[in-house]
Amino acid sequence: MRTIDLSPLYRSVVGFDRMAALLETAATSEASGYPPYNIARTDENAYRIELAVAGFRPEELNIEVKENRLAISGRKAANDEVKTYLHRGLAERNFERRFQLADYVVVTDADLADGLLTVSLKRELPEALKPRRVQINTAIQPSRIPTEQAA
């Protein structure tokens, strides 16, 4: 397993320690490929995560957002029915998939259709962070100020 030494960066940058922590987390994340998923950018500030969750009902799925972390989990209900399979290709096992969200990205919607869980995300910048135009003031020189004329 390879690790990345980010200590040289700490000598020349300030305030990027969160980014370094994110890189370290991504390097050590779980390697499980279940369930398969897609991440798509649908607009400049909108994203969509699609998870293949065939065999799961809505009540067996849980979506939780906490501190810029999205966790999607599936827990199959206990099935007392005894079945004999000739081939078992559908992996209906429990799972938990985590996604690190950027600042100001919020979950707006979640849909389950045809075995595909779709989670919609949107970046919503606060008004204070949006670009704004700054008015340029001009100083009026005292020699050019018109004087009031007596009537």
# chains A, B, ... in the order shown; residues from 1 in each chain; ligands from 1
$ closest_atom_pairs --of "range 80-117 of chain A" --to "range 49-63 of chain A" --cutoff "6 Å" --atoms "only C-alpha atoms" --output "Markdown table"
| residue | atom | partner | partner_atom | distance |
| --- | --- | --- | --- | --- |
| A:Gly115 | CA | A:Ala54 | CA | 4.1 |
| A:Leu116 | CA | A:Ala52 | CA | 4.8 |
| A:Leu117 | CA | A:Leu51 | CA | 5.1 |
$ write_last_selection --atoms "N, CA and C atoms" --output "short mmCIF file (atom, residue, chain, number, x, y, z; two decimals), in the first residue's frame"
data_model
loop_
_atom_site.label_atom_id
_atom_site.label_comp_id
_atom_site.auth_asym_id
_atom_site.auth_seq_id
_atom_site.Cartn_x
_atom_site.Cartn_y
_atom_site.Cartn_z
N GLY A 115 -34.68 -0.42 -9.59
CA GLY A 115 -33.46 -0.91 -8.96
C GLY A 115 -32.32 0.08 -8.93
N LEU A 116 -32.60 1.35 -9.26
CA LEU A 116 -31.57 2.38 -9.30
C LEU A 116 -31.95 3.49 -8.31
N LEU A 117 -31.10 3.71 -7.31
CA LEU A 117 -31.29 4.81 -6.36
C LEU A 117 -30.57 6.03 -6.90
#
$ residues_around --residues "range 103-106 of chain A" --least-positions-apart "3" --cutoff "9 Å" --atoms "only C-alpha atoms" --output "PyMOL selection string"
chain A and resi 45-46+65+68+120-126
$ atom_distance --atom1 "CA of Ser73 in chain A" --atom2 "CA of Arg41 in chain A"
22.3 Å
$ closest_residue --among "A:Asp5, A:Ile140, A:Asp111, A:Pro36" --to "Ala91 in chain A" --atoms "only C-alpha atoms"
A:Pro36
